[in-house]
Amino acid sequence: MLRHAIAPSRRFTKASHDVVRHARLTSDAKILLLAVQGLPDDQAGRPLSEHARRLGITGRAYQKSKELLVTHGYVHEWREQGERGRWVTEQLLSNVPLSAEEAAALRGVRAEGPPTDRKPTVGEPAGRVVGPQLPVDEEQEKNYPHPPSEAEPEELADLGPEPQPEAETELSPEAQEGERVLLSLRHVRRELYLGVREARGLAELAARWLLRGVSAGELRRVLTSELPRDGVRSAVGFLRFRLLHKMPPELPVEAVPRAAAPPRVPELLTCAAASEGEEHVFRPVADETECRDCRQRAAWAYWERHRALADPEADSRSWRQRFAKLGVATEGEGAAQAAP
C-alpha cells in the first residue's frame with residue numbers, strides 16, 4: 001500500500017490512536033467525538049445532538065453513536081431538575097475514556113470554577129484532573145504551525161516496554177446473564193444507568209440470585225421497583241445494597257436441578273450371522289447379536305421356506321390358478337357366470 005500524507009499547517013485536531021483505531025466505535029461515533037473535540041469554546045456548549053445533526057448523523061445512527069460513546073466512557077450525562085421544575089441534561093465529552101467516578105470528579109471541579117450565564121451541555125476544554133498526565137504544552141492547548149510529530153524509536157525505547165492491559169477473567173454463564181440484566185436496567189429506569197465496568201463488578205452478586213432459582217425477568221423487576229422517592233444518587237451503591245440485602249435464600253439440595261446423565265453408548269459388536277470373510281460390526285440397541293440386515297434376510301428366507309413347504313407347486317402355477325384353488329373367482333369368470 002502506498003501512502004501520501006501532508007501534515008496540515010493550521011485548523012487541525014489532535015486525535016489519539018486509541019480513538020481512531022478503536023475496534024468497537026463506529027465511524028460515526030469517531031467522527032462525532034473528533035468533531036466536538038476540535039470545536040472552539042463558543043460552540044462547544046451546544047447539545048451533542050445538534051453537533052451530530054450538523055455532521056449529518058441523525059436518527060438511529062446518532063442514537064447508536066451516542067450509545068457507544070457512553071458505553072466506552074467518552075460521554076457522560078447527568079439529568080437534574082432546575083429551580084423552575086424544568087429538567088436539564090448536562091453532558092460531558094472527553095477524548096479519553098472516563099469512569100463514572102472520574103467524570104463526577106471532573107464535573108465537581110468544573111462546578112467550583114467561576115460562574116457563567118450559560119450552563120454547558122458538552123464539556124468545554126479544561127485542564128486535565130484525571131487520566132494520565134500530559135506535557136505542559138499540550139495541557140495549555142497551544143496552536144503550532146504543524147501538528148506534533150510522532151516520537152522517535154530511540155525516545156520510545158527510553159520509556160520502557162508498553163504496559164499491557166490486565167486480562168479480564170472469564171465470567172460464568174450465570175454471571176454473564178447477570179451482567180446483561182444489569183446493563184439492561186438503563187432501558188427501564190434511566191437513573192439506574194451502569195457502565196460496563198460497573199456492571200462487571202456486580203455480575204457475581206447477580207449470578208448468586210440466578211443460582212438460587214430467580215429468573216432474569218424477576219431479578220430485573222426487583223431491582224427496578226420501589227425506588228427511593230428522592231431518586232437514586234449512586235446506581236452502583238443502590239444496586240449493590242439491594243442485591244445483598246434482598247437476596248433470596250439458597251435452594252435446598254433436593255430442589256437444585258441436576259444434569260441428566262448422558263445416555264450409555266453401547267459398544268460395537270461383530271455380527272454373529274456374517275459369513276467368513278465378510279465380517280462386519282454393528283451397534284446393538286438391546287441384546288441382539290445380529291445386525292438389522294442379517295436379521296431381515298433371515299426373516300425373508302424363513303418366510304420363503306415356510307411358503308414352499310405349505311404349497312410346493314405355488315411357484316409353477318399362475319395367479320389365476322392360485323385363485324381358482326382358493327375358490328375365488330376372477331373378474332372375467334364372475335362376469336361369464338352372471339350372463340344368462
# chains A, B, ... in the order shown; residues from 1 in each chain; ligands from 1
call {"tool": "residues_around", "arguments": {"residues": "A:Ala199", "least_positions_apart": "5", "cutoff": "12 Å", "atoms": "only C-alpha atoms", "output": "tab-separated table (two decimals) with C-alpha atoms, in the first residue's frame"}}
result
chain	number	residue	atom	x	y	z
A	71	THR	CA	-20.75	2.66	26.94
A	100	ALA	CA	-18.41	7.34	36.32
A	175	ALA	CA	-22.54	-14.07	35.77
A	176	GLN	CA	-22.80	-13.23	32.07
A	177	GLU	CA	-26.59	-13.36	32.29
A	178	GLY	CA	-26.49	-11.20	35.42
A	179	GLU	CA	-24.29	-8.65	33.66
A	180	ARG	CA	-26.76	-8.46	30.77
A	181	VAL	CA	-29.62	-7.85	33.23
A	182	LEU	CA	-27.68	-5.07	34.97
A	183	LEU	CA	-26.83	-3.34	31.68
A	184	SER	CA	-30.48	-3.55	30.59
A	185	LEU	CA	-31.70	-1.58	33.62
A	186	ARG	CA	-30.93	1.68	31.80
A	192	LEU	CA	-30.02	3.00	37.12
A	193	TYR	CA	-27.58	3.52	34.25
A	194	LEU	CA	-24.42	1.41	34.69
A	204	GLU	CA	-21.19	-12.08	40.58
A	205	LEU	CA	-23.84	-10.82	43.02
A	206	ALA	CA	-26.49	-11.04	40.32
A	207	ALA	CA	-25.28	-14.54	39.44
A	235	ALA	CA	-26.68	3.48	40.80
A	236	VAL	CA	-23.77	1.24	41.79
A	237	GLY	CA	-24.26	1.71	45.53
A	239	LEU	CA	-27.90	-1.88	43.27
A	240	ARG	CA	-25.15	-3.41	45.42
call {"tool": "select_by_dssp", "arguments": {"residues": "stretch 71-109 of chain A", "states": "strand (DSSP E)", "output": "PyMOL selection string"}}
result
chain A and resi 75-81+87-93
call {"tool": "write_last_selection", "arguments": {"atoms": "C-alpha atoms", "output": "PDB file, in the first residue's frame"}}
result
ATOM      1  CA  VAL A  75     -19.697  10.655  27.053  1.00  0.00           C
ATOM      2  CA  HIS A  76     -21.350  11.073  30.461  1.00  0.00           C
ATOM      3  CA  GLU A  77     -24.737  12.613  31.213  1.00  0.00           C
ATOM      4  CA  TRP A  78     -26.475  13.998  34.304  1.00  0.00           C
ATOM      5  CA  ARG A  79     -30.140  14.952  34.328  1.00  0.00           C
ATOM      6  CA  GLU A  80     -31.296  17.340  37.035  1.00  0.00           C
ATOM      7  CA  GLN A  81     -34.399  19.357  37.790  1.00  0.00           C
ATOM      8  CA  TRP A  87     -35.316  19.109  33.625  1.00  0.00           C
ATOM      9  CA  VAL A  88     -31.851  19.948  32.320  1.00  0.00           C
ATOM     10  CA  THR A  89     -29.389  17.454  30.871  1.00  0.00           C
ATOM     11  CA  GLU A  90     -25.707  18.170  31.351  1.00  0.00           C
ATOM     12  CA  GLN A  91     -23.267  16.322  29.093  1.00  0.00           C
ATOM     13  CA  LEU A  92     -19.544  15.772  29.392  1.00  0.00           C
ATOM     14  CA  LEU A  93     -17.493  14.639  26.394  1.00  0.00           C
TER      15      LEU A  93
END
